Amino acid sequence: ELSFELEGESSFRSTVAGQIDTSEYLAYSLVICVCVVLPVKIRTMALSSPSSSSSSPPGKKKSFAILVTGSPFPEVVKKHGDFTQRFLGLLSESEREERGRERGEEWDAFRVFEGESHGDLSKYDGIVVTGSKFDAHAQDQWILDLIGEIRACHEREQRILGVCFGHQIVARALGGKVERSQNGWSLGANEIAFDVDKVNKLCGRLSDALRDDDEDGCEKIAIHQVHQDEVIELPPGAQVIASSPECENEAFLVGSHIMGVQGHPEFDNDMVRDIIDLKKANGMEESITEEGLAQLKEHALDRSTSQKWGTICRDFLKK
């Protein structure tokens with residue numbers, strides 16, 4: 001009796017009565033190879049073969065993590081929501097799904113500036129790094145830890161969207177330089193120009209969101225601003241994709257998996273106005289706040305512009 005046992009598979013058993021000559025033995029061996037060994041080998045290869053795609057397997061909900069690096073004024077949070085709520089409103093598909101439909105993705109938020117542990121980030125399809133009142137060039141331990149996590153995400157080509165402080169800390173983590181802006185505070189809103197041709201070459205999934213509206217191949221889009229630091233030197237391999245008279249590096253890409261945006265696509269006009277008023281109440285020079293309010297009035301975002309920023313950010317992170 002010849003018995004062939006394979007772990008995890010049904011037993012293949014062949015009983016041979018009497019004398020087995022060479023040809024019969026070879027025939028039985030061929031049957032064993034074709035019916036048992038080869039299918040198991042193929043199945044093992046299929047299970048262990050690495051995927052070239054970073055997206056979730058079919059049928060599995062995509063998941064994203066928000067690394068929260070600060071919080072707006074308490075008065076602003078009460079009226080307009082915190083960073084987690086703002087980014088969920090900008091990015092989460094559940095905010096746009098019809099009532100009763102199953103939520104198609106999962107979101108986790110971690111207040112890393114307060115030391116909250118986020119565990120293994122490699123399980124997420126994308127990471128968002130928020131804005132903050134803290135300096136991206138500071139040496140606080142949580143900032144140094146965040147730099148290490150960003151580097152690890154970059155090494156595995158995990159998608160990262162960095163906004164304001166997030167834009168700056170990603171640049172620093174990958175070898176760029178962040179300093180106080182020589183232009184001082186940037187408050188309110190301004191207009192930044194995307195190099196559409198460059199964006200399409202570097203990250204084609206953004207092509208539906210950005211269109212040429214000028215002879216120079218750029219699209220100018222208003223965005224809210226609340227910052228006094230900026231990226232003055234991009235990291236190796238990064239490409240600037242948007243600039244303004246106020247800031248040369250308004251947005252950049254590293255490969256097609258990392259995007260930094262200096263402005264705040266998640267804010268709205270009323271929220272920025274309240275932030276400026278509170279900064280004035282807390283001692284910021286009136287000339288700075290008045291200029292910020294004037295810039296906000298001049299470049300106030302309408303609904304279509306806010307929606308465009310949502311499309312840009314979602315297409316980058318998820319498409």
# chains A, B, ... in the order shown; residues from 1 in each chain; ligands from 1
call {"tool": "residues_around", "arguments": {"residues": "Asp229 in chain A", "least_positions_apart": "4", "cutoff": "9 Å", "atoms": "only C-alpha atoms", "output": "list in words"}}
result
Asp135, Ala136, His137, Cys164, Phe165, Gln168, Val178, Glu179, Arg180, Ser181, Gln182, Gly184, Trp185 and Ser186 of chain A
call {"tool": "write_last_selection", "arguments": {"atoms": "N, CA, C and O atoms", "output": "tab-separated table (two decimals), in the first residue's frame"}}
result
chain	number	residue	atom	x	y	z
A	135	ASP	N	6.16	73.76	15.77
A	135	ASP	CA	7.11	73.99	14.69
A	135	ASP	C	7.62	72.66	14.15
A	135	ASP	O	8.05	71.79	14.93
A	136	ALA	N	7.61	72.51	12.84
A	136	ALA	CA	8.10	71.28	12.22
A	136	ALA	C	9.62	71.16	12.34
A	136	ALA	O	10.16	70.06	12.12
A	137	HIS	N	10.30	72.23	12.69
A	137	HIS	CA	11.76	72.18	12.87
A	137	HIS	C	12.16	72.01	14.34
A	137	HIS	O	13.34	72.09	14.68
A	164	CYS	N	0.01	71.55	5.72
A	164	CYS	CA	0.59	72.60	6.54
A	164	CYS	C	1.76	72.05	7.37
A	164	CYS	O	2.81	71.76	6.81
A	165	PHE	N	1.63	71.88	8.68
A	165	PHE	CA	2.68	71.24	9.47
A	165	PHE	C	3.02	69.88	8.87
A	165	PHE	O	4.19	69.50	8.81
A	168	GLN	N	5.28	70.25	6.00
A	168	GLN	CA	6.62	70.62	6.44
A	168	GLN	C	7.37	69.46	7.08
A	168	GLN	O	8.55	69.23	6.80
A	178	VAL	N	13.10	73.17	6.79
A	178	VAL	CA	11.96	74.00	7.17
A	178	VAL	C	12.45	75.13	8.07
A	178	VAL	O	13.20	74.90	9.02
A	179	GLU	N	12.01	76.36	7.78
A	179	GLU	CA	12.39	77.51	8.58
A	179	GLU	C	11.24	78.50	8.65
A	179	GLU	O	10.24	78.36	7.93
A	180	ARG	N	11.41	79.53	9.49
A	180	ARG	CA	10.49	80.64	9.50
A	180	ARG	C	10.50	81.31	8.13
A	180	ARG	O	11.55	81.50	7.52
A	181	SER	N	9.34	81.66	7.65
A	181	SER	CA	9.25	82.34	6.36
A	181	SER	C	9.79	83.77	6.47
A	181	SER	O	9.51	84.48	7.44
A	182	GLN	N	10.56	84.17	5.49
A	182	GLN	CA	11.06	85.54	5.46
A	182	GLN	C	9.93	86.54	5.25
A	182	GLN	O	10.09	87.73	5.53
A	184	GLY	N	7.13	86.37	6.84
A	184	GLY	CA	6.31	86.42	8.05
A	184	GLY	C	5.07	85.55	7.95
A	184	GLY	O	5.01	84.60	7.17
A	185	TRP	N	4.05	85.90	8.71
A	185	TRP	CA	2.82	85.12	8.74
A	185	TRP	C	2.10	85.17	7.39
A	185	TRP	O	2.04	86.21	6.75
A	186	SER	N	1.55	84.02	7.01
A	186	SER	CA	0.64	83.95	5.87
A	186	SER	C	-0.72	83.58	6.42
A	186	SER	O	-0.93	82.45	6.90
call {"tool": "residues_around", "arguments": {"residues": "Gly176 in chain A", "least_positions_apart": "3", "cutoff": "7 Å", "atoms": "only C-alpha atoms", "output": "ChimeraX atom specification"}}
result
/A:171-172,233-235
call {"tool": "closest_residue", "arguments": {"among": "A:Gln85, A:Leu174, A:Val68, A:Gln295", "to": "Ser117 in chain A", "atoms": "only C-alpha atoms"}}
result
A:Val68
call {"tool": "closest_residue", "arguments": {"among": "A:His224, A:His299, A:His118, A:Arg151", "to": "Gln262 in chain A", "atoms": "only C-alpha atoms"}}
result
A:His224
call {"tool": "closest_residue", "arguments": {"among": "A:Gly81, A:Pro265, A:Gly115, A:Gly204", "to": "Cys313 in chain A", "atoms": "only C-alpha atoms"}}
result
A:Pro265
call {"tool": "residues_around", "arguments": {"residues": "Thr311 in chain A", "least_positions_apart": "6", "cutoff": "9 Å", "atoms": "only C-alpha atoms", "output": "ChimeraX atom specification"}}
result
/A:90-91,206,208-209
call {"tool": "closest_residue", "arguments": {"among": "A:Ile312, A:Ile275, A:Ile66, A:Ile169", "to": "Arg86 in chain A", "atoms": "only C-alpha atoms"}}
result
A:Ile66
call {"tool": "atom_distance", "arguments": {"atom1": "CA of Ile241 in chain A", "atom2": "CA of Arg156 in chain A"}}
result
22.7 Å
call {"tool": "atom_distance", "arguments": {"atom1": "CA of Leu210 in chain A", "atom2": "CA of Val129 in chain A"}}
result
22.5 Å
call {"tool": "closest_residue", "arguments": {"among": "A:Ala173, A:Val226, A:Ala251, A:Ile127", "to": "Ala193 in chain A", "atoms": "only C-alpha atoms"}}
result
A:Ala251
call {"tool": "select_by_dssp", "arguments": {"residues": "range 103-280 of chain A", "states": "alpha helix (DSSP H)", "output": "VMD selection string"}}
result
chain A and resid 141 to 155 165 to 173 196 to 202 269 to 280
call {"tool": "atom_distance", "arguments": {"atom1": "CA of Asp108 in chain A", "atom2": "CA of Gly310 in chain A"}}
result
18.8 Å
call {"tool": "residues_around", "arguments": {"residues": "Glu248 in chain A", "least_positions_apart": "5", "cutoff": "10 Å", "atoms": "only C-alpha atoms", "output": "ChimeraX atom specification"}}
result
/A:192,230-233,240-243
call {"tool": "residues_around", "arguments": {"residues": "Leu187 in chain A", "least_positions_apart": "6", "cutoff": "8 Å", "atoms": "only C-alpha atoms", "output": "number ranges by chain"}}
result
A: 224-227, 276, 288-289, 291-293, 295-296
call {"tool": "write_last_selection", "arguments": {"atoms": "all heavy atoms", "output": "CSV table (one decimal), in the first residue's frame"}}
result
chain,number,residue,atom,x,y,z
A,224,HIS,N,-6.8,78.3,1.7
A,224,HIS,CA,-6.7,78.9,3.0
A,224,HIS,C,-5.3,78.7,3.5
A,224,HIS,O,-4.7,77.7,3.3
A,224,HIS,CB,-7.7,78.4,4.0
A,224,HIS,CG,-9.1,78.8,3.6
A,224,HIS,ND1,-10.1,77.9,3.2
A,224,HIS,CD2,-9.7,80.0,3.5
A,224,HIS,CE1,-11.2,78.5,3.0
A,224,HIS,NE2,-11.0,79.8,3.1
A,225,GLN,N,-4.8,79.8,4.2
A,225,GLN,CA,-3.4,79.7,4.8
A,225,GLN,C,-3.4,80.2,6.2
A,225,GLN,O,-4.0,81.2,6.5
A,225,GLN,CB,-2.5,80.7,3.9
A,225,GLN,CG,-2.4,80.3,2.5
A,225,GLN,CD,-1.5,79.2,2.2
A,225,GLN,OE1,-0.9,78.5,3.1
A,225,GLN,NE2,-1.3,78.9,0.9
A,226,VAL,N,-2.7,79.5,7.1
A,226,VAL,CA,-2.4,79.9,8.4
A,226,VAL,C,-1.1,79.3,8.8
A,226,VAL,O,-1.0,78.2,9.4
A,226,VAL,CB,-3.5,79.4,9.4
A,226,VAL,CG1,-3.3,79.9,10.8
A,226,VAL,CG2,-4.9,79.8,9.0
A,227,HIS,N,0.0,80.0,8.5
A,227,HIS,CA,1.3,79.5,8.9
A,227,HIS,C,2.4,80.6,8.9
A,227,HIS,O,2.2,81.7,8.2
A,227,HIS,CB,1.7,78.4,7.9
A,227,HIS,CG,2.0,78.9,6.5
A,227,HIS,ND1,3.3,79.2,6.0
A,227,HIS,CD2,1.2,79.1,5.5
A,227,HIS,CE1,3.2,79.6,4.8
A,227,HIS,NE2,1.9,79.6,4.4
A,276,ILE,N,-8.3,83.9,12.8
A,276,ILE,CA,-7.6,85.2,12.7
A,276,ILE,C,-8.1,86.1,13.8
A,276,ILE,O,-7.3,86.8,14.5
A,276,ILE,CB,-7.8,85.9,11.3
A,276,ILE,CG1,-7.1,85.0,10.2
A,276,ILE,CG2,-7.2,87.3,11.4
A,276,ILE,CD1,-7.4,85.5,8.8
A,288,ILE,N,-1.0,92.5,11.1
A,288,ILE,CA,-0.9,91.2,10.5
A,288,ILE,C,-2.3,90.6,10.3
A,288,ILE,O,-2.6,90.0,9.3
A,288,ILE,CB,0.0,90.2,11.4
A,288,ILE,CG1,1.4,90.8,11.4
A,288,ILE,CG2,0.0,88.8,10.8
A,288,ILE,CD1,2.3,90.0,12.4
A,289,THR,N,-3.1,90.7,11.4
A,289,THR,CA,-4.5,90.1,11.3
A,289,THR,C,-5.3,90.9,10.3
A,289,THR,O,-6.2,90.2,9.6
A,289,THR,CB,-5.1,90.1,12.7
A,289,THR,OG1,-5.2,91.5,13.2
A,289,THR,CG2,-4.4,89.3,13.7
A,291,GLU,N,-4.3,92.3,7.6
A,291,GLU,CA,-3.9,91.9,6.2
A,291,GLU,C,-4.4,90.5,6.0
A,291,GLU,O,-4.8,90.2,4.8
A,291,GLU,CB,-2.3,91.9,6.2
A,291,GLU,CG,-1.7,91.3,4.9
A,291,GLU,CD,-2.1,92.1,3.7
A,291,GLU,OE1,-2.4,93.3,3.8
A,291,GLU,OE2,-2.0,91.5,2.6
A,292,GLY,N,-4.4,89.6,7.0
A,292,GLY,CA,-5.0,88.3,6.8
A,292,GLY,C,-6.5,88.3,6.4
A,292,GLY,O,-6.9,87.6,5.5
A,293,LEU,N,-7.2,89.2,7.1
A,293,LEU,CA,-8.6,89.3,6.8
A,293,LEU,C,-8.9,89.9,5.4
A,293,LEU,O,-9.8,89.4,4.7
A,293,LEU,CB,-9.3,90.2,7.8
A,293,LEU,CG,-9.5,89.6,9.2
A,293,LEU,CD1,-10.0,90.6,10.2
A,293,LEU,CD2,-10.4,88.4,9.2
A,295,GLN,N,-6.8,89.5,2.8
A,295,GLN,CA,-6.5,88.4,1.9
A,295,GLN,C,-7.6,87.3,1.8
A,295,GLN,O,-7.9,86.8,0.8
A,295,GLN,CB,-5.1,87.7,2.3
A,295,GLN,CG,-3.9,88.5,2.1
A,295,GLN,CD,-3.6,88.8,0.7
A,295,GLN,OE1,-3.7,87.9,-0.2
A,295,GLN,NE2,-3.3,90.1,0.4
A,296,LEU,N,-8.2,87.1,3.0
A,296,LEU,CA,-9.3,86.1,3.0
A,296,LEU,C,-10.5,86.7,2.2
A,296,LEU,O,-11.1,85.9,1.5
A,296,LEU,CB,-9.7,85.9,4.5
A,296,LEU,CG,-10.9,85.0,4.7
A,296,LEU,CD1,-10.6,83.6,4.1
A,296,LEU,CD2,-11.3,84.9,6.1
call {"tool": "closest_residue", "arguments": {"among": "A:Gly162, A:Gly104, A:Gly283, A:Gly175", "to": "Lys61 in chain A", "atoms": "only C-alpha atoms"}}
result
A:Gly104
call {"tool": "decode", "arguments": {"residues": "range 186-205 of chain A", "atoms": "N, CA and C atoms", "output": "PDB file, in the first residue's frame"}}
result
ATOM      1  N   SER A 186       1.551  84.019   7.013  1.00  0.00           N
ATOM      2  CA  SER A 186       0.641  83.948   5.869  1.00  0.00           C
ATOM      3  C   SER A 186      -0.721  83.576   6.420  1.00  0.00           C
ATOM      4  N   LEU A 187      -1.649  84.522   6.376  1.00  0.00           N
ATOM      5  CA  LEU A 187      -2.985  84.324   6.943  1.00  0.00           C
ATOM      6  C   LEU A 187      -4.052  84.614   5.903  1.00  0.00           C
ATOM      7  N   GLY A 188      -5.187  83.970   6.075  1.00  0.00           N
ATOM      8  CA  GLY A 188      -6.339  84.221   5.214  1.00  0.00           C
ATOM      9  C   GLY A 188      -6.418  83.225   4.078  1.00  0.00           C
ATOM     10  N   ALA A 189      -6.103  83.682   2.866  1.00  0.00           N
ATOM     11  CA  ALA A 189      -6.139  82.810   1.693  1.00  0.00           C
ATOM     12  C   ALA A 189      -5.272  83.442   0.617  1.00  0.00           C
ATOM     13  N   ASN A 190      -4.790  82.622  -0.284  1.00  0.00           N
ATOM     14  CA  ASN A 190      -4.074  83.132  -1.448  1.00  0.00           C
ATOM     15  C   ASN A 190      -4.358  82.215  -2.628  1.00  0.00           C
ATOM     16  N   GLU A 191      -3.765  82.542  -3.754  1.00  0.00           N
ATOM     17  CA  GLU A 191      -3.958  81.752  -4.961  1.00  0.00           C
ATOM     18  C   GLU A 191      -2.642  81.085  -5.319  1.00  0.00           C
ATOM     19  N   ILE A 192      -2.675  79.774  -5.496  1.00  0.00           N
ATOM     20  CA  ILE A 192      -1.465  79.054  -5.866  1.00  0.00           C
ATOM     21  C   ILE A 192      -1.639  78.477  -7.273  1.00  0.00           C
ATOM     22  N   ALA A 193      -0.512  78.342  -7.971  1.00  0.00           N
ATOM     23  CA  ALA A 193      -0.542  77.893  -9.363  1.00  0.00           C
ATOM     24  C   ALA A 193       0.049  76.492  -9.479  1.00  0.00           C
ATOM     25  N   PHE A 194      -0.761  75.540  -9.912  1.00  0.00           N
ATOM     26  CA  PHE A 194      -0.303  74.176 -10.158  1.00  0.00           C
ATOM     27  C   PHE A 194       0.277  74.060 -11.563  1.00  0.00           C
ATOM     28  N   ASP A 195       1.434  73.424 -11.663  1.00  0.00           N
ATOM     29  CA  ASP A 195       2.013  73.071 -12.956  1.00  0.00           C
ATOM     30  C   ASP A 195       1.334  71.777 -13.407  1.00  0.00           C
ATOM     31  N   VAL A 196       0.296  71.906 -14.196  1.00  0.00           N
ATOM     32  CA  VAL A 196      -0.551  70.766 -14.541  1.00  0.00           C
ATOM     33  C   VAL A 196       0.213  69.714 -15.338  1.00  0.00           C
ATOM     34  N   ASP A 197       1.041  70.143 -16.284  1.00  0.00           N
ATOM     35  CA  ASP A 197       1.800  69.185 -17.087  1.00  0.00           C
ATOM     36  C   ASP A 197       2.720  68.345 -16.206  1.00  0.00           C
ATOM     37  N   LYS A 198       3.385  68.988 -15.258  1.00  0.00           N
ATOM     38  CA  LYS A 198       4.284  68.258 -14.359  1.00  0.00           C
ATOM     39  C   LYS A 198       3.495  67.296 -13.469  1.00  0.00           C
ATOM     40  N   VAL A 199       2.367  67.763 -12.964  1.00  0.00           N
ATOM     41  CA  VAL A 199       1.533  66.906 -12.112  1.00  0.00           C
ATOM     42  C   VAL A 199       1.094  65.663 -12.868  1.00  0.00           C
ATOM     43  N   ASN A 200       0.651  65.835 -14.104  1.00  0.00           N
ATOM     44  CA  ASN A 200       0.189  64.690 -14.896  1.00  0.00           C
ATOM     45  C   ASN A 200       1.300  63.688 -15.155  1.00  0.00           C
ATOM     46  N   LYS A 201       2.522  64.167 -15.330  1.00  0.00           N
ATOM     47  CA  LYS A 201       3.651  63.272 -15.565  1.00  0.00           C
ATOM     48  C   LYS A 201       4.044  62.522 -14.301  1.00  0.00           C
ATOM     49  N   LEU A 202       3.972  63.209 -13.166  1.00  0.00           N
ATOM     50  CA  LEU A 202       4.413  62.607 -11.907  1.00  0.00           C
ATOM     51  C   LEU A 202       3.340  61.764 -11.233  1.00  0.00           C
ATOM     52  N   CYS A 203       2.080  62.164 -11.373  1.00  0.00           N
ATOM     53  CA  CYS A 203       0.988  61.487 -10.658  1.00  0.00           C
ATOM     54  C   CYS A 203      -0.277  61.567 -11.506  1.00  0.00           C
ATOM     55  N   GLY A 204      -0.407  60.666 -12.453  1.00  0.00           N
ATOM     56  CA  GLY A 204      -1.482  60.712 -13.434  1.00  0.00           C
ATOM     57  C   GLY A 204      -2.867  60.647 -12.847  1.00  0.00           C
ATOM     58  N   ARG A 205      -3.019  60.089 -11.644  1.00  0.00           N
ATOM     59  CA  ARG A 205      -4.366  59.966 -11.072  1.00  0.00           C
ATOM     60  C   ARG A 205      -4.942  61.321 -10.659  1.00  0.00           C
TER      61      ARG A 205
END
